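Undergrad: This is the structure, below, for whatever I ask next.
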Amino acid sequence: MKRTLTMMMVMAVIAMMSLAASAGTISGKVSGVSGESVVYVDAIAGKTFPAPTAKPVIDQKGLVFQPHIVVVEQGTTVEFLNSDKVAHNVFWPSVGGNKKLTHNLGTWPQGEKRPFKFDNAGAVPLLCNVHPEMAGYVVVSPTPYFALTDKSGEYKIENVPDGSYTVTAWHEGAKNQSKPVAVAGDSKADFTLSK
Amino acid sequence: MDMRHPVSLFVVFVLTIILLAGSSYAIPAFSRQYGTSCSTCHVDFPKLNDFGKAFKDAGFKFPKGDEDFIKVPPLMLGAPAQKDMWPHVIFPGTIPGMPQIGLRYNQFFQYTSGNANNYYQPSGAPGTPLSPTIPRTDFEAGLFSIFMAGNFGSDIAFWVDDDISVSGLNANGALGDGYLRFGNIGRFLKLPTDALALRVGQFELDLPFTQARSINISTYDIYTQANIGSSSQNVNNQFSMADAVQGVEFSGGHQYGGYHYSLAVVNQNTGGGTVSSATNVSSPGGFFSDSNYKDIYGRFSYRFNLEKDPASRHDVQAAGATGPRDHTYLNLGTFFFKGRSVQRFNGLTSGGAADVLTAREPFYRFGGDFSFNYRTFNLFGLYMYGHDQDLLLNSGFTGFVSGTPAKFNGGFLEADYLALPWLMAILRYDHVQSTADFLNQADSGNYYSPVGTTRDRVTPGVQFLIHANIKASFEYQFRPQQALTYDANGKALNPFRTNTATGALEFVY
Ligand SMILES: [Cu+2]
């Protein structure tokens, strides 16, 4: 009897959680580092998302990747534009630290774009092999729940269904930090990163 | 005015403008100005990549859209709209937003083979000490240089580099290059872009392969070859191709593809390049010329970029599958230098009175060069020939008779292979053939007492970029054979090589 009751309670909680697709938020602050960071919800077991349609553009202008950091959902196609009157290149040595996923987009003329679909999650350090000082990042989030912090580290991820997740914070050159976050309405998660 | 020489006009021109000069290394100032790495313009600094060549051709500017790349905005010396008011105002220009200063320092370690002991030969009375002159190992301070370069707007570029200290001795320093370059002046004549530029000041000749900006520790032997006649010749020409010259230079074309030419009118100086201060006539900077003559240097080259795709072929850099890279190319060139060495002698008139006799010995140097590049492999070489007319005093000291001309020839072949972006392997062969050097049993460049009329040197090297601005270089020189004693027929006895291993550590910032 007791076991049945417990089972029922658990089922009820699960039912409530799934019903409570009522959108919550995760907000907080990433500290310990300066400048923009990225916070995203890690892959959720058994959960898939519709293919993303946004096609963000990363420009190479004045020998700089602009913007410096772009966060996208897994499966997003990013377009790489060269606005400079010099030749550039885009390549990355790894995706999420996996060096097997290195890729080189080659050379293309000024004004043209070259697309790439990011099917693997993780941070992608963008480099140019003719201008070694150039650096940019695509951070590929496994879920549509992600945010880029402001310069002070504040962030807010909107429309996160209530539930229990693992949330990861990423910052250029710092170690990732992941922590479990139970979302019920407006939730808080702060991170302190270190290099 | 002496109009026998068309160059007289240039002499007047040179004397009536303020001399400014310029030419040499990796320029950290440009890194700061554009916020970019050395490797944007250099492979194994100071060797330029194709983009660096285009940057230089453009007058130290990005060849297209320069203003989009400058991170430190230039300072206006006049609002651009002032142009409309000219000539009632000073034509507006700019200066770089920060001082365009770069510094370079290098130091060496040398290991000399035991054959150096061969130089310790008995001389003088028994019992008198002999001091060793060539150490087996030696740490050496190199040069500390300051260099400045940039652009003043209106396509006017500047360059000044100066060795503040050489071998640890401040007094040994000297101006390298110092010049103003008026780029693209062909636009006033409706010529194509970059077809004509004017450079005025002190500069290295537009050599096929630069000596001042060479990556090698040792100089190219042919570039430092003076032409000093043997005892039966009167030639005493200390000019060498590596010498800085003073004058004006017209140039055009591009170093990264297609044609390139230059034509320079420079001081005649065969006396060793020393500046003499005037005693009877004042000069603002001391006299550099040692005769009234002005020498001429000319160069023409054509570079065939070999990419199949025409768009890529004509671009500054070639489009590779993994990013832009240097072109695959074949560059062919030719060059000549024509001068007239002047020596004065106390002589006699036909009547027996004291007279000054002037020997005017025309000389020329000419040669050809090639450079082939495939990806990160560059094979290049140069061959040249030098010829000095020889005038000998006649027996009555009243004039000159023609003697045997003093001649030499030689060149070098070098292979540079950038195995990794930070690792350069070099193999080089130098060759000089000079009968006079052998007869004199002495020569410039420390190749003293050659065993024959030819000197051959093989120099493998390797260079590591520790950072983009710090370099460790190593070079081993299989030096030419030398001798200290000769038999009655002039044949060298006990020839030996004084090979050396040299390491260099240098940085620029
Ligand atoms: Cu780039």
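For the structure tokens, the naming scheme is as follows: chains receive sequential letters (A, B, ...) according to their order of presentation, residues are indexed from 1 within each chain, and ligands are indexed from 1 in presentation order.
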With a cut-off of 10 Å and counting only C-alpha atoms, select all residues of chain A in contact with chain B and give the selection as a PyMOL selection string.
TA: chain A and resi 61-64+84-91+103-109+128-134
Undergrad: Using the chain letters and numbers from this document, which residues of range 1-192 of chain A does DSSP assign to alpha helix (DSSP H), as a PyMOL selection string?
TA: chain A and resi 2-19
Undergrad: Using the chain letters and numbers from this document, which residues of range 110-289 of chain B does DSSP assign to strand (DSSP E or B), as a compact mmCIF listing (two decimals) with N, CA, C and O atoms, in the first residue's frame?
TA:
```txt
# COMPACT_ATOMS: atom_id res chain seq x y z
N GLN B 110 79.09 31.76 -31.56
CA GLN B 110 79.79 31.15 -32.69
C GLN B 110 80.77 30.11 -32.21
O GLN B 110 81.47 30.28 -31.21
N TYR B 111 80.84 29.03 -32.97
CA TYR B 111 81.81 27.98 -32.73
C TYR B 111 82.66 27.87 -33.99
O TYR B 111 82.14 27.70 -35.09
N THR B 112 83.96 28.00 -33.84
CA THR B 112 84.86 27.97 -34.99
C THR B 112 85.69 26.70 -34.95
O THR B 112 86.14 26.29 -33.88
N THR B 137 85.11 29.43 -29.28
CA THR B 137 83.71 29.70 -28.98
C THR B 137 83.59 31.14 -28.53
O THR B 137 84.50 31.69 -27.91
N ASP B 138 82.46 31.73 -28.83
CA ASP B 138 82.32 33.16 -28.51
C ASP B 138 80.86 33.55 -28.44
O ASP B 138 80.07 33.22 -29.31
N PHE B 139 80.51 34.23 -27.36
CA PHE B 139 79.20 34.86 -27.27
C PHE B 139 79.33 36.28 -27.78
O PHE B 139 80.25 37.00 -27.39
N GLU B 140 78.43 36.70 -28.63
CA GLU B 140 78.59 38.02 -29.25
C GLU B 140 77.30 38.81 -29.19
O GLU B 140 76.22 38.30 -29.51
N ALA B 141 77.43 40.07 -28.79
CA ALA B 141 76.30 40.99 -28.90
C ALA B 141 76.15 41.34 -30.37
O ALA B 141 77.13 41.48 -31.09
N GLY B 142 74.95 41.44 -30.84
CA GLY B 142 74.74 41.74 -32.25
C GLY B 142 74.39 43.18 -32.45
O GLY B 142 75.12 44.07 -32.01
N LEU B 143 73.28 43.43 -33.09
CA LEU B 143 72.92 44.81 -33.31
C LEU B 143 71.61 45.14 -32.64
O LEU B 143 70.72 44.30 -32.49
N PHE B 144 71.54 46.37 -32.22
CA PHE B 144 70.31 46.92 -31.66
C PHE B 144 69.87 48.00 -32.62
O PHE B 144 70.60 48.97 -32.85
N SER B 145 68.71 47.83 -33.20
CA SER B 145 68.26 48.76 -34.24
C SER B 145 66.92 49.34 -33.88
O SER B 145 66.08 48.68 -33.26
N ILE B 146 66.75 50.54 -34.32
CA ILE B 146 65.44 51.18 -34.23
C ILE B 146 64.96 51.36 -35.66
O ILE B 146 65.76 51.68 -36.54
N PHE B 147 63.72 51.08 -35.91
CA PHE B 147 63.22 51.34 -37.25
C PHE B 147 61.81 51.88 -37.21
O PHE B 147 61.00 51.53 -36.36
N MET B 148 61.58 52.79 -38.11
CA MET B 148 60.30 53.49 -38.17
C MET B 148 59.82 53.48 -39.61
O MET B 148 60.60 53.68 -40.53
N ALA B 149 58.56 53.23 -39.80
CA ALA B 149 58.02 53.23 -41.15
C ALA B 149 56.53 53.45 -41.08
O ALA B 149 55.89 53.16 -40.07
N GLY B 150 55.98 53.98 -42.13
CA GLY B 150 54.55 54.20 -42.16
C GLY B 150 54.18 55.04 -43.36
O GLY B 150 54.91 55.10 -44.35
N ASN B 151 53.04 55.68 -43.22
CA ASN B 151 52.46 56.39 -44.34
C ASN B 151 51.93 57.73 -43.85
O ASN B 151 51.35 57.82 -42.77
N ILE B 156 52.26 58.81 -49.58
CA ILE B 156 53.65 59.11 -49.23
C ILE B 156 54.04 58.23 -48.04
O ILE B 156 53.43 58.31 -46.98
N ALA B 157 55.04 57.40 -48.28
CA ALA B 157 55.48 56.48 -47.24
C ALA B 157 56.85 56.91 -46.73
O ALA B 157 57.59 57.60 -47.43
N PHE B 158 57.17 56.50 -45.52
CA PHE B 158 58.48 56.84 -44.98
C PHE B 158 59.10 55.60 -44.35
O PHE B 158 58.42 54.66 -43.95
N TRP B 159 60.42 55.65 -44.26
CA TRP B 159 61.16 54.58 -43.61
C TRP B 159 62.45 55.17 -43.07
O TRP B 159 63.15 55.91 -43.76
N VAL B 160 62.78 54.85 -41.83
CA VAL B 160 64.11 55.16 -41.29
C VAL B 160 64.51 53.99 -40.39
O VAL B 160 63.74 53.58 -39.53
N ASP B 161 65.64 53.41 -40.64
CA ASP B 161 66.15 52.44 -39.66
C ASP B 161 67.60 52.77 -39.37
O ASP B 161 68.33 53.24 -40.22
N ASP B 162 67.94 52.55 -38.13
CA ASP B 162 69.29 52.92 -37.70
C ASP B 162 69.77 51.89 -36.70
O ASP B 162 69.04 51.50 -35.80
N ASP B 163 70.99 51.44 -36.89
CA ASP B 163 71.61 50.56 -35.91
C ASP B 163 72.19 51.43 -34.81
O ASP B 163 73.18 52.12 -35.01
N ILE B 164 71.51 51.43 -33.69
CA ILE B 164 71.97 52.26 -32.57
C ILE B 164 73.29 51.70 -32.05
O ILE B 164 74.18 52.41 -31.65
N SER B 165 73.37 50.39 -32.06
CA SER B 165 74.56 49.74 -31.50
C SER B 165 74.85 48.51 -32.34
O SER B 165 73.95 47.75 -32.68
N VAL B 166 76.10 48.34 -32.69
CA VAL B 166 76.52 47.14 -33.41
C VAL B 166 77.63 46.49 -32.62
O VAL B 166 78.56 47.16 -32.17
N LEU B 169 78.85 48.04 -29.44
CA LEU B 169 79.55 49.33 -29.45
C LEU B 169 78.65 50.37 -30.11
O LEU B 169 78.35 50.27 -31.29
N LEU B 175 73.15 54.66 -39.93
CA LEU B 175 71.85 54.68 -40.58
C LEU B 175 71.79 53.54 -41.59
O LEU B 175 72.72 53.34 -42.36
N GLY B 176 70.72 52.79 -41.57
CA GLY B 176 70.51 51.79 -42.60
C GLY B 176 69.89 52.46 -43.80
O GLY B 176 70.58 52.95 -44.68
N ASP B 177 68.59 52.51 -43.80
CA ASP B 177 67.88 53.22 -44.85
C ASP B 177 67.14 54.38 -44.24
O ASP B 177 66.73 54.34 -43.08
N GLY B 178 66.95 55.41 -45.02
CA GLY B 178 66.11 56.53 -44.61
C GLY B 178 65.57 57.17 -45.86
O GLY B 178 66.35 57.62 -46.70
N TYR B 179 64.28 57.09 -46.05
CA TYR B 179 63.76 57.66 -47.30
C TYR B 179 62.30 58.06 -47.19
O TYR B 179 61.59 57.68 -46.27
N LEU B 180 61.90 58.88 -48.13
CA LEU B 180 60.49 59.15 -48.39
C LEU B 180 60.17 58.50 -49.72
O LEU B 180 60.96 58.56 -50.66
N ARG B 181 59.02 57.89 -49.79
CA ARG B 181 58.61 57.25 -51.04
C ARG B 181 57.28 57.85 -51.45
O ARG B 181 56.30 57.80 -50.69
N PHE B 182 57.29 58.43 -52.63
CA PHE B 182 56.07 59.02 -53.16
C PHE B 182 55.41 57.98 -54.06
O PHE B 182 55.84 57.76 -55.19
N ALA B 197 56.46 55.12 -58.95
CA ALA B 197 56.67 55.66 -57.60
C ALA B 197 58.07 56.25 -57.57
O ALA B 197 58.94 55.87 -58.35
N LEU B 198 58.28 57.19 -56.66
CA LEU B 198 59.57 57.84 -56.54
C LEU B 198 60.05 57.69 -55.10
O LEU B 198 59.31 57.94 -54.15
N ARG B 199 61.28 57.27 -54.97
CA ARG B 199 61.86 57.11 -53.64
C ARG B 199 63.10 57.99 -53.58
O ARG B 199 63.92 57.98 -54.49
N VAL B 200 63.23 58.73 -52.49
CA VAL B 200 64.34 59.66 -52.35
C VAL B 200 64.98 59.46 -50.99
O VAL B 200 64.28 59.45 -49.97
N GLY B 201 66.28 59.31 -50.98
CA GLY B 201 66.96 59.19 -49.69
C GLY B 201 68.12 58.22 -49.76
O GLY B 201 68.82 58.14 -50.76
N GLN B 202 68.31 57.52 -48.65
CA GLN B 202 69.34 56.48 -48.60
C GLN B 202 68.63 55.14 -48.52
O GLN B 202 67.72 54.97 -47.72
N PHE B 203 69.01 54.22 -49.38
CA PHE B 203 68.31 52.94 -49.38
C PHE B 203 69.21 51.84 -49.92
O PHE B 203 70.23 52.10 -50.57
N GLU B 204 68.81 50.62 -49.62
CA GLU B 204 69.44 49.47 -50.25
C GLU B 204 68.97 49.44 -51.70
O GLU B 204 67.80 49.74 -51.98
N ASN B 227 85.61 44.93 -55.84
CA ASN B 227 86.49 44.55 -56.94
C ASN B 227 87.81 45.30 -56.80
O ASN B 227 87.96 46.43 -57.26
N ILE B 228 88.73 44.67 -56.12
CA ILE B 228 90.05 45.26 -55.91
C ILE B 228 91.01 44.54 -56.85
O ILE B 228 91.18 43.32 -56.75
N ASN B 236 90.49 49.88 -57.76
CA ASN B 236 90.33 49.87 -56.31
C ASN B 236 88.88 50.25 -55.99
O ASN B 236 88.60 51.31 -55.47
N ASN B 237 87.98 49.34 -56.34
CA ASN B 237 86.56 49.64 -56.27
C ASN B 237 85.94 48.92 -55.09
O ASN B 237 85.74 47.71 -55.12
N ALA B 244 74.45 50.50 -48.86
CA ALA B 244 73.37 51.48 -48.93
C ALA B 244 73.81 52.58 -49.90
O ALA B 244 74.98 52.93 -49.95
N VAL B 245 72.88 53.06 -50.68
CA VAL B 245 73.19 54.11 -51.64
C VAL B 245 72.32 55.32 -51.34
O VAL B 245 71.28 55.21 -50.69
N GLN B 246 72.73 56.47 -51.85
CA GLN B 246 71.95 57.70 -51.68
C GLN B 246 71.54 58.18 -53.06
O GLN B 246 72.38 58.23 -53.97
N GLY B 247 70.29 58.50 -53.20
CA GLY B 247 69.85 58.98 -54.50
C GLY B 247 68.36 58.96 -54.65
O GLY B 247 67.62 59.10 -53.67
N VAL B 248 67.94 58.83 -55.89
CA VAL B 248 66.51 58.78 -56.20
C VAL B 248 66.25 57.51 -56.98
O VAL B 248 67.11 57.01 -57.70
N GLU B 249 65.05 57.02 -56.84
CA GLU B 249 64.70 55.77 -57.51
C GLU B 249 63.27 55.85 -58.02
O GLU B 249 62.35 56.23 -57.29
N PHE B 250 63.09 55.52 -59.27
CA PHE B 250 61.75 55.37 -59.83
C PHE B 250 61.45 53.89 -59.90
O PHE B 250 62.32 53.09 -60.25
N SER B 251 60.25 53.53 -59.55
CA SER B 251 59.90 52.12 -59.59
C SER B 251 58.43 51.97 -59.92
O SER B 251 57.66 52.93 -59.86
N GLY B 252 58.06 50.77 -60.24
CA GLY B 252 56.67 50.51 -60.54
C GLY B 252 56.40 49.03 -60.61
O GLY B 252 57.31 48.21 -60.60
N GLY B 253 55.12 48.72 -60.69
CA GLY B 253 54.70 47.32 -60.76
C GLY B 253 54.55 46.73 -59.37
O GLY B 253 54.50 47.46 -58.38
N GLY B 258 53.19 39.83 -61.84
CA GLY B 258 53.35 40.73 -62.98
C GLY B 258 54.71 41.40 -62.97
O GLY B 258 55.67 40.90 -62.38
N TYR B 259 54.78 42.55 -63.61
CA TYR B 259 56.08 43.20 -63.78
C TYR B 259 56.46 44.03 -62.57
O TYR B 259 55.62 44.47 -61.79
N HIS B 260 57.74 44.26 -62.45
CA HIS B 260 58.27 45.19 -61.47
C HIS B 260 59.54 45.77 -62.06
O HIS B 260 60.33 45.05 -62.68
N TYR B 261 59.70 47.06 -61.90
CA TYR B 261 60.94 47.66 -62.38
C TYR B 261 61.41 48.72 -61.40
O TYR B 261 60.63 49.23 -60.59
N SER B 262 62.67 49.05 -61.49
CA SER B 262 63.16 50.21 -60.76
C SER B 262 64.38 50.76 -61.49
O SER B 262 65.09 50.02 -62.18
N LEU B 263 64.54 52.04 -61.37
CA LEU B 263 65.68 52.70 -61.99
C LEU B 263 66.15 53.76 -61.00
O LEU B 263 65.38 54.66 -60.64
N ALA B 264 67.38 53.62 -60.55
CA ALA B 264 67.87 54.52 -59.52
C ALA B 264 69.10 55.26 -60.00
O ALA B 264 69.93 54.71 -60.73
N VAL B 265 69.20 56.51 -59.59
CA VAL B 265 70.39 57.31 -59.84
C VAL B 265 70.98 57.62 -58.48
O VAL B 265 70.32 58.23 -57.64
N VAL B 266 72.18 57.15 -58.26
CA VAL B 266 72.74 57.20 -56.90
C VAL B 266 74.16 57.72 -56.92
O VAL B 266 74.81 57.79 -57.97
N ASN B 267 74.62 58.08 -55.72
CA ASN B 267 75.98 58.58 -55.59
C ASN B 267 77.00 57.57 -56.10
O ASN B 267 76.87 56.37 -55.86
N SER B 276 82.64 62.08 -46.00
CA SER B 276 83.71 63.02 -45.70
C SER B 276 83.12 64.40 -45.45
O SER B 276 82.23 64.84 -46.17
N PHE B 287 79.89 64.88 -47.46
CA PHE B 287 79.86 64.42 -48.85
C PHE B 287 79.90 62.90 -48.94
O PHE B 287 80.76 62.27 -48.35
```
Undergrad: Could you please determine the separation between CA of Asp57 in chain B and CA of Phe239 in chain B in Å, to one decimal place?
TA: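 Computed distance, CA of Asp57 in chain B to CA of Phe239 in chain B, equals 27.2 Å.
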Undergrad: Near Tyr137 in chain A, counting only C-alpha atoms, which residues have an atom at most 10 Å away, once you skip same-chain residues fewer than 2 positions from it, shown as a list of chain:residue names?
TA: A:Ile58, A:Phe65, A:Gln66, A:Pro67, A:His68, A:Ile69, A:Val70, A:Val71, A:Trp92, A:Ala123, A:Val124, A:Pro125, A:Leu126, A:Leu127, A:Ala135, A:Val139, A:Val140, A:Glu172
Undergrad: Convert the current residue selection to file output with N, CA and C atoms, as a PDB file, in the first residue's frame.
TA:
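See part_20.pdb below for the written result:
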```
ATOM      1  N   ILE A  58      28.386  35.210 -39.084  1.00  0.00           N
ATOM      2  CA  ILE A  58      29.602  35.709 -38.433  1.00  0.00           C
ATOM      3  C   ILE A  58      30.440  36.379 -39.516  1.00  0.00           C
ATOM      4  N   PHE A  65      36.694  38.748 -36.047  1.00  0.00           N
ATOM      5  CA  PHE A  65      35.425  38.017 -36.156  1.00  0.00           C
ATOM      6  C   PHE A  65      34.352  38.836 -35.445  1.00  0.00           C
ATOM      7  N   GLN A  66      33.257  39.104 -36.143  1.00  0.00           N
ATOM      8  CA  GLN A  66      32.188  39.896 -35.536  1.00  0.00           C
ATOM      9  C   GLN A  66      30.862  39.171 -35.725  1.00  0.00           C
ATOM     10  N   PRO A  67      30.112  38.866 -34.666  1.00  0.00           N
ATOM     11  CA  PRO A  67      30.503  39.066 -33.261  1.00  0.00           C
ATOM     12  C   PRO A  67      31.545  38.045 -32.820  1.00  0.00           C
ATOM     13  N   HIS A  68      32.103  38.328 -31.667  1.00  0.00           N
ATOM     14  CA  HIS A  68      33.179  37.481 -31.164  1.00  0.00           C
ATOM     15  C   HIS A  68      32.638  36.113 -30.726  1.00  0.00           C
ATOM     16  N   ILE A  69      31.439  36.119 -30.133  1.00  0.00           N
ATOM     17  CA  ILE A  69      30.840  34.864 -29.657  1.00  0.00           C
ATOM     18  C   ILE A  69      29.414  34.772 -30.191  1.00  0.00           C
ATOM     19  N   VAL A  70      29.087  33.643 -30.795  1.00  0.00           N
ATOM     20  CA  VAL A  70      27.719  33.385 -31.235  1.00  0.00           C
ATOM     21  C   VAL A  70      27.292  32.062 -30.607  1.00  0.00           C
ATOM     22  N   VAL A  71      26.102  32.057 -29.973  1.00  0.00           N
ATOM     23  CA  VAL A  71      25.571  30.810 -29.411  1.00  0.00           C
ATOM     24  C   VAL A  71      24.452  30.334 -30.320  1.00  0.00           C
ATOM     25  N   TRP A  92      38.458  25.514 -37.552  1.00  0.00           N
ATOM     26  CA  TRP A  92      38.454  25.283 -36.113  1.00  0.00           C
ATOM     27  C   TRP A  92      39.184  23.986 -35.816  1.00  0.00           C
ATOM     28  N   ALA A 123      31.856  24.051 -27.638  1.00  0.00           N
ATOM     29  CA  ALA A 123      32.433  25.317 -28.090  1.00  0.00           C
ATOM     30  C   ALA A 123      33.337  25.074 -29.293  1.00  0.00           C
ATOM     31  N   VAL A 124      33.214  25.952 -30.289  1.00  0.00           N
ATOM     32  CA  VAL A 124      33.989  25.832 -31.525  1.00  0.00           C
ATOM     33  C   VAL A 124      34.889  27.062 -31.632  1.00  0.00           C
ATOM     34  N   PRO A 125      36.186  26.934 -31.393  1.00  0.00           N
ATOM     35  CA  PRO A 125      37.068  28.098 -31.520  1.00  0.00           C
ATOM     36  C   PRO A 125      37.353  28.390 -32.994  1.00  0.00           C
ATOM     37  N   LEU A 126      36.967  29.560 -33.436  1.00  0.00           N
ATOM     38  CA  LEU A 126      37.154  29.941 -34.841  1.00  0.00           C
ATOM     39  C   LEU A 126      38.509  30.604 -35.006  1.00  0.00           C
ATOM     40  N   LEU A 127      39.227  30.176 -36.003  1.00  0.00           N
ATOM     41  CA  LEU A 127      40.549  30.743 -36.276  1.00  0.00           C
ATOM     42  C   LEU A 127      40.674  31.051 -37.759  1.00  0.00           C
ATOM     43  N   ALA A 135      40.314  35.552 -33.506  1.00  0.00           N
ATOM     44  CA  ALA A 135      39.668  34.497 -32.730  1.00  0.00           C
ATOM     45  C   ALA A 135      38.187  34.804 -32.593  1.00  0.00           C
ATOM     46  N   VAL A 139      29.372  28.742 -29.958  1.00  0.00           N
ATOM     47  CA  VAL A 139      29.086  27.796 -28.885  1.00  0.00           C
ATOM     48  C   VAL A 139      27.789  27.088 -29.264  1.00  0.00           C
ATOM     49  N   VAL A 140      27.882  25.782 -29.482  1.00  0.00           N
ATOM     50  CA  VAL A 140      26.735  25.009 -29.949  1.00  0.00           C
ATOM     51  C   VAL A 140      26.044  24.385 -28.736  1.00  0.00           C
ATOM     52  N   GLU A 172      35.358  31.813 -22.600  1.00  0.00           N
ATOM     53  CA  GLU A 172      36.589  31.700 -23.377  1.00  0.00           C
ATOM     54  C   GLU A 172      37.790  31.505 -22.448  1.00  0.00           C
TER      55      GLU A 172
END
```
Undergrad: Can you pull out every residue within 8 Å of Thr453 in chain B, counting only C-alpha atoms, but drop anything in the same chain fewer than 5 positions away, and send it as a PyMOL selection string?
TA: chain B and resi 433-438
Undergrad: Using only C-alpha atoms, which residues sit within 6 Å of Leu81 in chain A once same-chain residues fewer than 2 positions away are excluded, as number ranges by chain?
TA: A: 59, 112-113
Undergrad: Using Å and a single decimal, report how far CA of Leu330 in chain B sits from CA of Arg313 in chain B.
TA: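 About the pair CA of Arg313 in chain B and CA of Leu330 in chain B: they are 12.3 Å apart.
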Undergrad: What does the distance from CA of Phe304 in chain B to CA of Asn331 in chain B come to in Å, to one decimal?
TA: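 Between CA of Phe304 in chain B and CA of Asn331 in chain B the gap works out to 6.1 Å.
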Undergrad: Do you know which residues are at most 12 Å from Gly35 in chain A counting only C-alpha atoms, after dropping those on the same chain fewer than 4 positions away, and could you put them as a PyMOL selection string?
TA: chain A and resi 29-31+68-69+148-155+170-174+193
Undergrad: Let me see the file: selected residues, C-alpha atoms, as a PDB file, in the first residue's frame.
TA:
```
ATOM      1  CA  LYS A  29      25.358  35.619 -13.006  1.00  0.00           C
ATOM      2  CA  VAL A  30      28.604  34.148 -14.235  1.00  0.00           C
ATOM      3  CA  SER A  31      31.474  35.495 -12.176  1.00  0.00           C
ATOM      4  CA  HIS A  68      33.179  37.481 -31.164  1.00  0.00           C
ATOM      5  CA  ILE A  69      30.840  34.864 -29.657  1.00  0.00           C
ATOM      6  CA  LEU A 148      24.875  34.917 -23.923  1.00  0.00           C
ATOM      7  CA  THR A 149      25.627  36.905 -20.800  1.00  0.00           C
ATOM      8  CA  ASP A 150      26.144  40.621 -20.852  1.00  0.00           C
ATOM      9  CA  LYS A 151      29.584  42.034 -20.140  1.00  0.00           C
ATOM     10  CA  SER A 152      28.976  41.851 -16.400  1.00  0.00           C
ATOM     11  CA  GLY A 153      28.046  38.168 -16.599  1.00  0.00           C
ATOM     12  CA  GLU A 154      24.263  38.535 -16.117  1.00  0.00           C
ATOM     13  CA  TYR A 155      22.097  36.204 -18.153  1.00  0.00           C
ATOM     14  CA  TRP A 170      31.184  28.429 -20.734  1.00  0.00           C
ATOM     15  CA  HIS A 171      33.717  31.208 -20.961  1.00  0.00           C
ATOM     16  CA  GLU A 172      36.589  31.700 -23.377  1.00  0.00           C
ATOM     17  CA  GLY A 173      39.688  30.143 -21.872  1.00  0.00           C
ATOM     18  CA  ALA A 174      37.932  29.022 -18.653  1.00  0.00           C
ATOM     19  CA  LEU A 193      34.356  30.069 -13.372  1.00  0.00           C
TER      20      LEU A 193
END
```
Undergrad: Find the residues around Gly32 in chain A up to 9 Å (only C-alpha atoms counted), leave out those fewer than 3 positions away in its own chain, and share them as a ChimeraX atom specification.
TA: /A:191-195
Undergrad: Given only C-alpha atoms as the basis, pick out the residue of B:His431, B:Gln441, B:Thr376, B:Phe408 nearest to Val43 in chain B.
TA: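 Closest residue, counting only C-alpha atoms: B:Thr376.
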